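Asks: You'll find query00.cif just under this line, and it carries mmCIF, C-alpha atoms.
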```cif
data_data
loop_
_atom_site.group_PDB
_atom_site.id
_atom_site.type_symbol
_atom_site.label_atom_id
_atom_site.label_comp_id
_atom_site.auth_asym_id
_atom_site.auth_seq_id
_atom_site.Cartn_x
_atom_site.Cartn_y
_atom_site.Cartn_z
ATOM 1 C CA MET A 1 -1.442 17.655 10.424
ATOM 2 C CA THR A 2 -3.068 21.060 10.818
ATOM 3 C CA SER A 3 -4.161 20.184 14.356
ATOM 4 C CA VAL A 4 -0.595 19.285 15.386
ATOM 5 C CA PRO A 5 1.671 22.060 16.740
ATOM 6 C CA VAL A 6 4.444 23.147 14.371
ATOM 7 C CA LYS A 7 7.147 22.016 16.784
ATOM 8 C CA ASP A 8 5.741 18.479 16.824
ATOM 9 C CA ARG A 9 5.428 18.464 13.038
ATOM 10 C CA VAL A 10 9.093 19.354 12.685
ATOM 11 C CA LYS A 11 10.059 16.620 15.165
ATOM 12 C CA VAL A 12 8.101 13.931 13.311
ATOM 13 C CA SER A 13 9.500 15.109 9.970
ATOM 14 C CA GLN A 14 13.063 14.866 11.310
ATOM 15 C CA ASN A 15 12.359 11.368 12.649
ATOM 16 C CA TRP A 16 11.276 10.178 9.197
ATOM 17 C CA ARG A 17 14.297 11.810 7.558
ATOM 18 C CA LEU A 18 16.772 10.327 10.041
ATOM 19 C CA GLY A 19 15.058 6.938 10.332
ATOM 20 C CA ARG A 20 14.351 7.355 14.060
ATOM 21 C CA CYS A 21 11.440 5.145 15.067
ATOM 22 C CA ARG A 22 10.240 2.588 17.585
ATOM 23 C CA GLU A 23 9.337 -0.853 16.272
ATOM 24 C CA GLY A 24 6.395 -2.781 17.673
ATOM 25 C CA ILE A 25 4.149 -5.743 16.838
ATOM 26 C CA LEU A 26 0.404 -5.083 16.653
ATOM 27 C CA LEU A 27 -0.850 -8.581 15.803
ATOM 28 C CA LYS A 28 0.514 -12.118 15.674
ATOM 29 C CA TRP A 29 -0.903 -15.276 14.137
ATOM 30 C CA ARG A 30 0.181 -18.894 14.445
ATOM 31 C CA CYS A 31 0.007 -20.037 10.828
ATOM 32 C CA SER A 32 1.898 -18.414 7.972
ATOM 33 C CA GLN A 33 -0.348 -15.962 6.105
ATOM 34 C CA MET A 34 -0.189 -13.686 3.062
ATOM 35 C CA PRO A 35 -2.038 -10.750 4.607
ATOM 36 C CA TRP A 36 -3.337 -7.620 2.895
ATOM 37 C CA MET A 37 -4.501 -4.510 4.734
ATOM 38 C CA GLN A 38 -6.188 -1.125 4.363
ATOM 39 C CA LEU A 39 -6.507 1.877 6.667
ATOM 40 C CA GLU A 40 -9.569 4.072 7.021
ATOM 41 C CA ASN A 41 -9.904 6.827 9.626
ATOM 42 C CA ASP A 42 -9.057 5.192 12.963
ATOM 43 C CA SER A 43 -9.597 1.613 11.732
ATOM 44 C CA LEU A 44 -7.332 -1.047 10.267
ATOM 45 C CA TYR A 45 -8.659 -3.840 8.043
ATOM 46 C CA ILE A 46 -6.470 -6.914 7.552
ATOM 47 C CA SER A 47 -7.022 -10.272 5.850
ATOM 48 C CA GLN A 48 -6.219 -13.513 7.668
ATOM 49 C CA ALA A 49 -6.899 -16.740 5.745
ATOM 50 C CA ASN A 50 -10.462 -16.443 4.356
ATOM 51 C CA PHE A 51 -11.533 -13.630 6.720
ATOM 52 C CA ILE A 52 -11.104 -9.869 6.821
ATOM 53 C CA LEU A 53 -10.925 -8.405 10.329
ATOM 54 C CA ALA A 54 -11.469 -4.776 11.318
ATOM 55 C CA TYR A 55 -9.641 -3.328 14.328
ATOM 56 C CA GLN A 56 -9.786 0.095 15.951
ATOM 57 C CA PHE A 57 -6.584 1.984 16.688
ATOM 58 C CA ARG A 58 -5.977 3.292 20.163
ATOM 59 C CA PRO A 59 -5.332 7.062 20.322
ATOM 60 C CA ASP A 60 -1.550 6.667 20.020
ATOM 61 C CA GLY A 61 -1.893 4.977 16.614
ATOM 62 C CA ALA A 62 0.801 2.469 17.629
ATOM 63 C CA SER A 63 -1.524 -0.105 19.205
ATOM 64 C CA LEU A 64 -4.891 -1.736 18.524
ATOM 65 C CA ASN A 65 -7.917 -2.665 20.573
ATOM 66 C CA ARG A 66 -7.608 -6.435 20.818
ATOM 67 C CA ARG A 67 -11.251 -7.217 20.092
ATOM 68 C CA PRO A 68 -12.082 -6.824 16.364
ATOM 69 C CA LEU A 69 -14.757 -4.313 15.388
ATOM 70 C CA GLY A 70 -16.011 -6.682 12.707
ATOM 71 C CA VAL A 71 -15.277 -9.918 10.879
ATOM 72 C CA PHE A 72 -16.092 -10.230 7.177
ATOM 73 C CA ALA A 73 -16.303 -13.760 5.778
ATOM 74 C CA GLY A 74 -17.624 -15.463 2.665
ATOM 75 C CA HIS A 75 -14.662 -16.867 0.742
ATOM 76 C CA ASP A 76 -13.922 -20.585 0.668
ATOM 77 C CA GLU A 77 -10.170 -19.995 0.314
ATOM 78 C CA ASP A 78 -7.729 -17.268 1.364
ATOM 79 C CA VAL A 79 -8.451 -13.610 0.657
ATOM 80 C CA CYS A 80 -5.758 -12.537 -1.819
ATOM 81 C CA HIS A 81 -6.510 -8.812 -1.936
ATOM 82 C CA PHE A 82 -9.192 -6.280 -1.009
ATOM 83 C CA VAL A 83 -10.015 -2.575 -1.234
ATOM 84 C CA LEU A 84 -12.363 -0.189 0.593
ATOM 85 C CA ALA A 85 -14.801 1.851 -1.519
ATOM 86 C CA ASN A 86 -18.185 3.513 -0.951
ATOM 87 C CA SER A 87 -18.568 1.961 2.543
ATOM 88 C CA HIS A 88 -17.941 -1.455 0.998
ATOM 89 C CA ILE A 89 -15.126 -3.978 1.198
ATOM 90 C CA ILE A 90 -14.460 -5.554 -2.199
ATOM 91 C CA SER A 91 -12.398 -8.714 -1.770
ATOM 92 C CA ALA A 92 -10.614 -11.072 -4.167
ATOM 93 C CA GLY A 93 -10.383 -14.733 -3.181
ATOM 94 C CA GLY A 94 -8.339 -17.788 -3.989
ATOM 95 C CA ASP A 95 -11.663 -19.491 -4.745
ATOM 96 C CA GLY A 96 -12.039 -17.401 -7.942
ATOM 97 C CA LYS A 97 -14.771 -15.258 -6.391
ATOM 98 C CA ILE A 98 -15.238 -11.570 -5.640
ATOM 99 C CA GLY A 99 -16.881 -10.628 -2.362
ATOM 100 C CA VAL A 100 -18.795 -7.398 -1.693
ATOM 101 C CA HIS A 101 -19.352 -6.589 1.992
ATOM 102 C CA LYS A 102 -21.077 -3.538 3.432
ATOM 103 C CA ILE A 103 -18.900 -2.260 6.262
ATOM 104 C CA HIS A 104 -21.692 -1.122 8.581
ATOM 105 C CA SER A 105 -24.159 -3.953 8.016
ATOM 106 C CA THR A 106 -24.297 -7.717 7.551
ATOM 107 C CA PHE A 107 -24.842 -7.427 3.776
ATOM 108 C CA THR A 108 -22.443 -9.750 1.931
ATOM 109 C CA VAL A 109 -22.539 -10.993 -1.642
ATOM 110 C CA LYS A 110 -19.981 -13.153 -3.404
ATOM 111 C CA TYR A 111 -20.002 -14.238 -7.026
ATOM 112 C CA SER A 112 -17.861 -16.373 -9.310
ATOM 113 C CA ALA A 113 -15.567 -14.058 -11.233
ATOM 114 C CA HIS A 114 -12.655 -16.110 -12.608
ATOM 115 C CA GLU A 115 -11.712 -19.711 -13.294
ATOM 116 C CA GLN A 116 -8.682 -19.494 -10.990
ATOM 117 C CA GLU A 117 -7.721 -17.366 -7.981
ATOM 118 C CA VAL A 118 -8.419 -13.634 -8.163
ATOM 119 C CA ASN A 119 -5.049 -12.047 -7.353
ATOM 120 C CA CYS A 120 -6.045 -8.386 -7.329
ATOM 121 C CA VAL A 121 -9.009 -6.047 -7.333
ATOM 122 C CA ASP A 122 -9.686 -2.300 -7.395
ATOM 123 C CA CYS A 123 -12.839 -0.205 -7.180
ATOM 124 C CA LYS A 124 -13.533 3.441 -7.990
ATOM 125 C CA GLY A 125 -16.578 5.348 -9.205
ATOM 126 C CA GLY A 126 -18.913 2.371 -8.865
ATOM 127 C CA ILE A 127 -16.736 0.138 -11.082
ATOM 128 C CA ILE A 128 -14.780 -2.964 -9.984
ATOM 129 C CA VAL A 129 -11.800 -4.328 -11.914
ATOM 130 C CA SER A 130 -10.240 -7.706 -11.148
ATOM 131 C CA GLY A 131 -7.217 -9.663 -12.319
ATOM 132 C CA SER A 132 -6.601 -13.378 -12.088
ATOM 133 C CA ARG A 133 -4.199 -16.236 -12.544
ATOM 134 C CA ASP A 134 -6.474 -17.379 -15.378
ATOM 135 C CA ARG A 135 -4.883 -14.692 -17.626
ATOM 136 C CA THR A 136 -7.875 -12.390 -17.733
ATOM 137 C CA ALA A 137 -8.874 -9.029 -16.314
ATOM 138 C CA LYS A 138 -12.567 -8.214 -15.923
ATOM 139 C CA VAL A 139 -14.714 -5.141 -15.348
ATOM 140 C CA TRP A 140 -17.808 -5.282 -13.103
ATOM 141 C CA PRO A 141 -20.449 -2.849 -11.809
ATOM 142 C CA LEU A 142 -20.740 -2.208 -8.064
ATOM 143 C CA ALA A 143 -24.460 -1.329 -8.286
ATOM 144 C CA SER A 144 -26.394 -3.693 -6.027
ATOM 145 C CA GLY A 145 -28.817 -4.767 -8.754
ATOM 146 C CA ARG A 146 -26.023 -5.648 -11.186
ATOM 147 C CA LEU A 147 -23.451 -7.419 -9.018
ATOM 148 C CA GLY A 148 -21.813 -10.273 -10.894
ATOM 149 C CA GLN A 149 -22.701 -8.951 -14.367
ATOM 150 C CA CYS A 150 -19.382 -8.806 -16.229
ATOM 151 C CA LEU A 151 -19.040 -5.701 -18.415
ATOM 152 C CA HIS A 152 -15.761 -6.627 -20.154
ATOM 153 C CA THR A 153 -13.425 -9.610 -20.228
ATOM 154 C CA ILE A 154 -9.871 -8.824 -21.311
ATOM 155 C CA GLN A 155 -7.486 -11.544 -22.427
ATOM 156 C CA THR A 156 -4.122 -10.491 -20.981
ATOM 157 C CA GLU A 157 -2.169 -13.577 -22.181
ATOM 158 C CA ASP A 158 -0.484 -13.552 -18.775
ATOM 159 C CA ARG A 159 -1.251 -13.999 -15.086
ATOM 160 C CA VAL A 160 -2.424 -10.708 -13.586
ATOM 161 C CA TRP A 161 -0.705 -9.837 -10.292
ATOM 162 C CA SER A 162 -1.781 -6.201 -9.763
ATOM 163 C CA ILE A 163 -4.399 -3.757 -11.019
ATOM 164 C CA ALA A 164 -5.369 -0.094 -10.467
ATOM 165 C CA ILE A 165 -8.032 2.261 -11.829
ATOM 166 C CA SER A 166 -6.988 5.723 -13.015
ATOM 167 C CA PRO A 167 -8.287 8.658 -10.899
ATOM 168 C CA LEU A 168 -10.049 9.923 -14.053
ATOM 169 C CA LEU A 169 -12.076 6.662 -14.186
ATOM 170 C CA SER A 170 -11.331 6.395 -17.908
ATOM 171 C CA SER A 171 -8.773 3.583 -17.858
ATOM 172 C CA PHE A 172 -7.002 1.041 -15.667
ATOM 173 C CA VAL A 173 -3.548 -0.520 -15.567
ATOM 174 C CA THR A 174 -2.668 -4.209 -15.188
ATOM 175 C CA GLY A 175 0.600 -5.583 -13.834
ATOM 176 C CA THR A 176 1.231 -9.062 -15.227
ATOM 177 C CA ALA A 177 3.790 -11.862 -14.920
ATOM 178 C CA CYS A 178 5.808 -10.971 -18.072
ATOM 179 C CA CYS A 179 5.904 -14.604 -19.143
ATOM 180 C CA GLY A 180 3.247 -14.901 -21.853
ATOM 181 C CA HIS A 181 3.349 -11.268 -23.036
ATOM 182 C CA PHE A 182 6.357 -8.989 -23.573
ATOM 183 C CA SER A 183 4.996 -6.078 -21.527
ATOM 184 C CA PRO A 184 4.037 -6.472 -17.842
ATOM 185 C CA LEU A 185 2.371 -3.030 -17.691
ATOM 186 C CA ARG A 186 -0.591 -2.274 -19.934
ATOM 187 C CA ILE A 187 -3.303 0.373 -19.796
ATOM 188 C CA TRP A 188 -6.854 -0.500 -20.897
ATOM 189 C CA ASP A 189 -9.885 1.640 -21.668
ATOM 190 C CA LEU A 190 -12.431 1.198 -18.884
ATOM 191 C CA ASN A 191 -15.463 1.773 -21.131
ATOM 192 C CA SER A 192 -14.514 -0.420 -24.082
ATOM 193 C CA GLY A 193 -11.988 -2.857 -22.610
ATOM 194 C CA GLN A 194 -9.580 -2.103 -25.463
ATOM 195 C CA LEU A 195 -5.820 -1.746 -25.062
ATOM 196 C CA VAL A 196 -4.719 1.904 -24.855
ATOM 197 C CA THR A 197 -0.940 1.444 -24.557
ATOM 198 C CA HIS A 198 1.783 -0.555 -22.879
ATOM 199 C CA LEU A 199 4.481 0.951 -20.679
ATOM 200 C CA GLY A 200 8.199 0.422 -21.063
ATOM 201 C CA SER A 201 10.184 -1.878 -23.341
ATOM 202 C CA ASP A 202 12.843 -4.584 -23.176
ATOM 203 C CA PHE A 203 11.621 -6.163 -19.952
ATOM 204 C CA PRO A 204 13.380 -9.478 -19.230
ATOM 205 C CA PRO A 205 11.140 -12.569 -19.047
ATOM 206 C CA GLY A 206 9.681 -12.977 -15.582
ATOM 207 C CA ALA A 207 9.853 -9.249 -14.714
ATOM 208 C CA GLY A 208 6.325 -9.392 -13.311
ATOM 209 C CA VAL A 209 4.716 -6.375 -11.634
ATOM 210 C CA LEU A 210 3.443 -7.180 -8.130
ATOM 211 C CA ASP A 211 2.212 -3.707 -7.144
ATOM 212 C CA VAL A 212 1.110 -0.676 -9.107
ATOM 213 C CA MET A 213 -0.495 2.571 -7.972
ATOM 214 C CA TYR A 214 -1.598 5.853 -9.543
ATOM 215 C CA GLU A 215 -0.411 9.067 -7.912
ATOM 216 C CA SER A 216 -2.305 11.272 -10.359
ATOM 217 C CA PRO A 217 -4.140 10.707 -13.652
ATOM 218 C CA SER A 218 -0.833 10.886 -15.519
ATOM 219 C CA THR A 219 1.703 9.444 -13.045
ATOM 220 C CA LEU A 220 2.041 5.979 -11.547
ATOM 221 C CA LEU A 221 4.512 3.793 -9.680
ATOM 222 C CA SER A 222 5.244 0.089 -10.162
ATOM 223 C CA CYS A 223 7.459 -2.573 -8.597
ATOM 224 C CA GLY A 224 7.951 -6.305 -8.792
ATOM 225 C CA TYR A 225 10.220 -9.233 -9.575
ATOM 226 C CA ASP A 226 12.946 -7.304 -11.425
ATOM 227 C CA THR A 227 13.866 -5.467 -8.152
ATOM 228 C CA TYR A 228 13.099 -1.947 -9.450
ATOM 229 C CA VAL A 229 10.591 0.698 -8.477
ATOM 230 C CA ARG A 230 9.667 2.718 -11.550
ATOM 231 C CA TYR A 231 7.970 6.103 -11.779
ATOM 232 C CA TRP A 232 6.012 6.663 -14.998
ATOM 233 C CA ASP A 233 4.743 9.972 -16.383
ATOM 234 C CA LEU A 234 2.323 9.372 -19.242
ATOM 235 C CA ARG A 235 2.715 13.003 -20.395
ATOM 236 C CA THR A 236 6.382 12.530 -21.298
ATOM 237 C CA SER A 237 6.790 8.949 -22.520
ATOM 238 C CA VAL A 238 5.117 5.576 -22.210
ATOM 239 C CA ARG A 239 8.241 3.731 -23.379
ATOM 240 C CA LYS A 240 10.654 4.980 -20.708
ATOM 241 C CA CYS A 241 10.071 5.705 -17.035
ATOM 242 C CA VAL A 242 11.179 9.083 -15.722
ATOM 243 C CA MET A 243 12.842 7.665 -12.576
ATOM 244 C CA GLU A 244 13.781 4.270 -11.173
ATOM 245 C CA TRP A 245 15.172 2.950 -7.890
ATOM 246 C CA GLU A 246 16.915 -0.430 -7.580
ATOM 247 C CA GLU A 247 16.624 -2.668 -4.520
ATOM 248 C CA PRO A 248 20.285 -2.856 -3.443
ATOM 249 C CA HIS A 249 20.214 -6.532 -2.379
ATOM 250 C CA ASP A 250 18.539 -7.730 -5.574
ATOM 251 C CA SER A 251 15.348 -8.733 -3.757
ATOM 252 C CA THR A 252 11.887 -8.869 -5.287
ATOM 253 C CA LEU A 253 9.755 -5.886 -4.283
ATOM 254 C CA TYR A 254 6.303 -7.006 -3.149
ATOM 255 C CA CYS A 255 4.682 -3.668 -2.369
ATOM 256 C CA LEU A 256 5.143 0.090 -2.318
ATOM 257 C CA GLN A 257 3.578 3.169 -0.755
ATOM 258 C CA THR A 258 4.146 6.902 -1.115
ATOM 259 C CA ASP A 259 3.162 9.979 0.858
ATOM 260 C CA GLY A 260 2.326 11.779 -2.390
ATOM 261 C CA ASN A 261 5.410 13.942 -1.968
ATOM 262 C CA HIS A 262 9.060 12.823 -1.702
ATOM 263 C CA LEU A 263 8.779 9.765 0.550
ATOM 264 C CA LEU A 264 8.647 6.275 -0.950
ATOM 265 C CA ALA A 265 8.448 3.044 1.066
ATOM 266 C CA THR A 266 9.001 -0.462 -0.335
ATOM 267 C CA GLY A 267 8.623 -3.988 1.052
ATOM 268 C CA SER A 268 11.170 -6.644 0.034
ATOM 269 C CA SER A 269 10.954 -10.413 -0.308
ATOM 270 C CA TYR A 270 13.555 -11.378 2.335
ATOM 271 C CA TYR A 271 13.845 -10.723 6.087
ATOM 272 C CA GLY A 272 10.866 -8.386 6.121
ATOM 273 C CA VAL A 273 13.006 -5.488 4.891
ATOM 274 C CA VAL A 274 11.184 -2.155 4.650
ATOM 275 C CA ARG A 275 13.116 0.570 2.846
ATOM 276 C CA LEU A 276 12.521 4.311 2.863
ATOM 277 C CA TRP A 277 13.581 6.355 -0.158
ATOM 278 C CA ASP A 278 13.810 10.044 -0.945
ATOM 279 C CA ARG A 279 12.554 10.252 -4.510
ATOM 280 C CA ARG A 280 14.958 13.100 -5.266
ATOM 281 C CA GLN A 281 17.928 10.728 -4.976
ATOM 282 C CA ARG A 282 18.799 7.227 -6.134
ATOM 283 C CA ALA A 283 20.153 5.611 -2.984
ATOM 284 C CA CYS A 284 17.988 4.147 -0.226
ATOM 285 C CA LEU A 285 17.702 6.364 2.872
ATOM 286 C CA HIS A 286 16.953 3.729 5.526
ATOM 287 C CA ALA A 287 16.327 -0.008 5.793
ATOM 288 C CA PHE A 288 14.440 -1.765 8.589
ATOM 289 C CA PRO A 289 14.753 -5.598 8.688
ATOM 290 C CA LEU A 290 11.669 -6.734 10.604
ATOM 291 C CA THR A 291 12.485 -10.474 10.706
ATOM 292 C CA SER A 292 15.603 -12.649 10.839
ATOM 293 C CA THR A 293 16.431 -16.247 9.972
ATOM 294 C CA PRO A 294 14.816 -18.741 10.247
ATOM 295 C CA LEU A 295 11.612 -16.639 10.061
ATOM 296 C CA SER A 296 12.489 -14.707 6.924
ATOM 297 C CA SER A 297 9.313 -13.307 5.373
ATOM 298 C CA PRO A 298 8.329 -11.006 2.536
ATOM 299 C CA VAL A 299 6.600 -7.732 3.319
ATOM 300 C CA TYR A 300 3.231 -8.468 1.740
ATOM 301 C CA CYS A 301 1.631 -5.070 2.358
ATOM 302 C CA LEU A 302 2.648 -1.589 3.540
ATOM 303 C CA ARG A 303 0.554 1.361 4.717
ATOM 304 C CA LEU A 304 1.583 4.849 5.820
ATOM 305 C CA THR A 305 0.115 7.547 7.997
ATOM 306 C CA THR A 306 1.774 10.831 8.933
ATOM 307 C CA LYS A 307 3.328 9.319 12.061
ATOM 308 C CA HIS A 308 3.394 5.544 11.503
ATOM 309 C CA LEU A 309 4.315 2.861 9.009
ATOM 310 C CA TYR A 310 2.513 -0.513 9.125
ATOM 311 C CA ALA A 311 3.959 -3.671 7.536
ATOM 312 C CA ALA A 312 2.190 -7.030 7.187
ATOM 313 C CA LEU A 313 4.448 -10.100 7.185
ATOM 314 C CA SER A 314 3.843 -13.866 7.298
ATOM 315 C CA TYR A 315 3.384 -14.113 11.079
ATOM 316 C CA ASN A 316 3.115 -10.533 12.386
ATOM 317 C CA LEU A 317 1.752 -7.073 11.747
ATOM 318 C CA HIS A 318 4.533 -4.592 12.561
ATOM 319 C CA VAL A 319 4.415 -0.866 13.258
ATOM 320 C CA LEU A 320 7.198 1.696 13.017
ATOM 321 C CA ASP A 321 6.319 4.635 15.259
ATOM 322 C CA PHE A 322 7.983 7.884 14.114
ATOM 323 C CA GLN A 323 6.138 9.995 16.672
ATOM 324 C CA ASN A 324 7.639 8.445 19.813
ATOM 325 C CA PRO A 325 10.925 6.750 18.808
#
```
Any chance you could give the structure as structure tokens?
Replies:
Amino acid sequence: MTSVPVKDRVKVSQNWRLGRCREGILLKWRCSQMPWMQLENDSLYISQANFILAYQFRPDGASLNRRPLGVFAGHDEDVCHFVLANSHIISAGGDGKIGVHKIHSTFTVKYSAHEQEVNCVDCKGGIIVSGSRDRTAKVWPLASGRLGQCLHTIQTEDRVWSIAISPLLSSFVTGTACCGHFSPLRIWDLNSGQLVTHLGSDFPPGAGVLDVMYESPSTLLSCGYDTYVRYWDLRTSVRKCVMEWEEPHDSTLYCLQTDGNHLLATGSSYYGVVRLWDRRQRACLHAFPLTSTPLSSPVYCLRLTTKHLYAALSYNLHVLDFQNP
């Protein structure tokens, strides 16, 4: 925020701390969706059914130009997940395929990747990793001449719900269902496909990990069905997390985001509840229920900027504006 006057920075910071914001709805759709989204510069990318749409933010950041900048298609079933990397969109589909779309051209390639739906995908350093309901994780090259050539197939013995590549590009972590294997968090070597370690111990059956993200090469955050957010530091211990936060209403946590400092945001499974946490304390700072009965919805995806929080639910894309509450 170097271009923002100090007085305005302090005001926005206080708004986040005190939970002062203005709620709005950016997009609506008629049919229930399970949307995923990404932000890049002044653009928002969001999946709806088997499409990914790109929208441009207006200058206030709290509204969108109604006409999409682009529409990216190619999947036969819903887009489950996607990431932005190297001017590409890499998408995971319910049709078992991975799609590669160039953002600024019409180039699109899709290839069969898994026997069942691809639940998650990540891409860094020219390498794609994918996880599927078919109990495998796979490693793929992004190079245009080698698309669809599988480098490694990893038998996870469990449905894979989330996946993330380490910033060092040496390994990746899978979050699984914790039904067929005792550990829902395992780290794999990116070059060999071999298991490096598993995180934690004594997870109850069904404690699947729905979202996982690296903050640094040695620290990562995870959340899922057991209602906890956990912070792991691989330098201290792989068997015990260094901090954990429990969802106070015992709801599944679908997604998480962090500002890289003290702020943590989570999306719950009921009533579109978004929670803000200060990582220096256990209790939740603020909760924002974005839906009510009978339209209760999980928060499928969260994204943060300095001044706004965006939350994708079944029927709406919501914004919390901390600049102009």
Asks: So the first atom is atom CA of Ile46 of chain A and the second is atom CA of Leu320 of chain A; what is the distance between them in Å, to one decimal place?
Replies: 17.1 Å
Asks: For Leu195 of chain A, work out the shell of residues within 12 Å, counting only C-alpha atoms and skipping chain neighbours fewer than 2 positions away, then give it as a list in words.
Replies: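 The residues satisfying every condition are Ala137, Thr153, Ile154, Gln155, Thr156, Ser171, Phe172, Val173, Thr174, Leu185, Arg186, Ile187, Trp188, Asp189, Leu190, Asn191, Ser192, Gly193, Thr197, His198 and Leu199 of chain A.
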Asks: Applied to this file, what does the PyMOL selection byres ((chain A and resi 114) around 8) return in terms of residues, put as a list in words?
Replies: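 After applying the PyMOL selection byres ((chain A and resi 114) around 8), what remains is Gly96, Lys97, Ser112, Ala113, Glu115, Gln116, Glu117, Val118, Ser132, Asp134 and Thr136 of chain A.
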Asks: What lies within 10 Å of Leu304 of chain A using only C-alpha atoms, ignoring chain neighbours under 6 positions off, as a list of chain:residue names?
Replies: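 Here the qualifying residues turn out to be A:Gln38, A:Leu39, A:Gln257, A:Thr258, A:Asp259, A:Leu264, A:Ala265, A:Tyr310, A:Ala311, A:Val319, A:Leu320.
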Asks: Using atom CA of Ser216 of chain A and atom CA of Ser166 of chain A as the two end points, give the distance in Å to one decimal.
Replies: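 Those two atoms sit 7.7 Å apart.
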Asks: Determine, counting all atoms listed in the file, which protein, DNA and RNA residues have an atom within 7 Å of an atom of Val139 of chain A; residues of the same chain fewer than 4 positions away are not included. Present the result as a list in words.
Replies: Ile128, Val129, Ser130, Cys150, Leu151, His152 and Thr153 of chain A
Asks: Quick one: everything within 12 Å of His249 of chain A, counting all atoms listed in the file, minus sequence neighbours fewer than 2 positions away in the same chain. Send it as a VMD selection string.
Replies: chain A and resid 226 to 228 246 to 247 251 to 253 268 to 271 273 275 284 287
Asks: What lies within 7 Å of Asp278 of chain A using only C-alpha atoms, ignoring chain neighbours under 6 positions off, as a compact mmCIF listing (two decimals) with C-alpha atoms, in the frame of the given file?
Replies:
```txt
# COMPACT_ATOMS: atom_id res chain seq x y z
CA HIS A 262 9.06 12.82 -1.70
CA LEU A 263 8.78 9.76 0.55
CA LEU A 264 8.65 6.28 -0.95
CA LEU A 285 17.70 6.36 2.87
```
Asks: Work out how far atom CA of Arg58 of chain A is from atom CA of His88 of chain A, in Å to one decimal.
Replies: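 Result for atom CA of His88 of chain A versus atom CA of Arg58 of chain A: 23.1 Å, one decimal.
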Asks: Counting all atoms listed in the file, which residue out of A:Ile90, A:Pro167, A:Ile25, A:Phe182 sits closest to Trp140 of chain A?
Replies: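 Closest to Trp140 of chain A, using all atoms listed in the file: A:Ile90.
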Asks: Starting from the PyMOL selection byres ((chain A and resi 55) around 6), expand the selection into actual residues of this file and give them as a list in words.
Replies: Ser43, Leu44, Ala54, Gln56, Pro68 and Leu69 of chain A
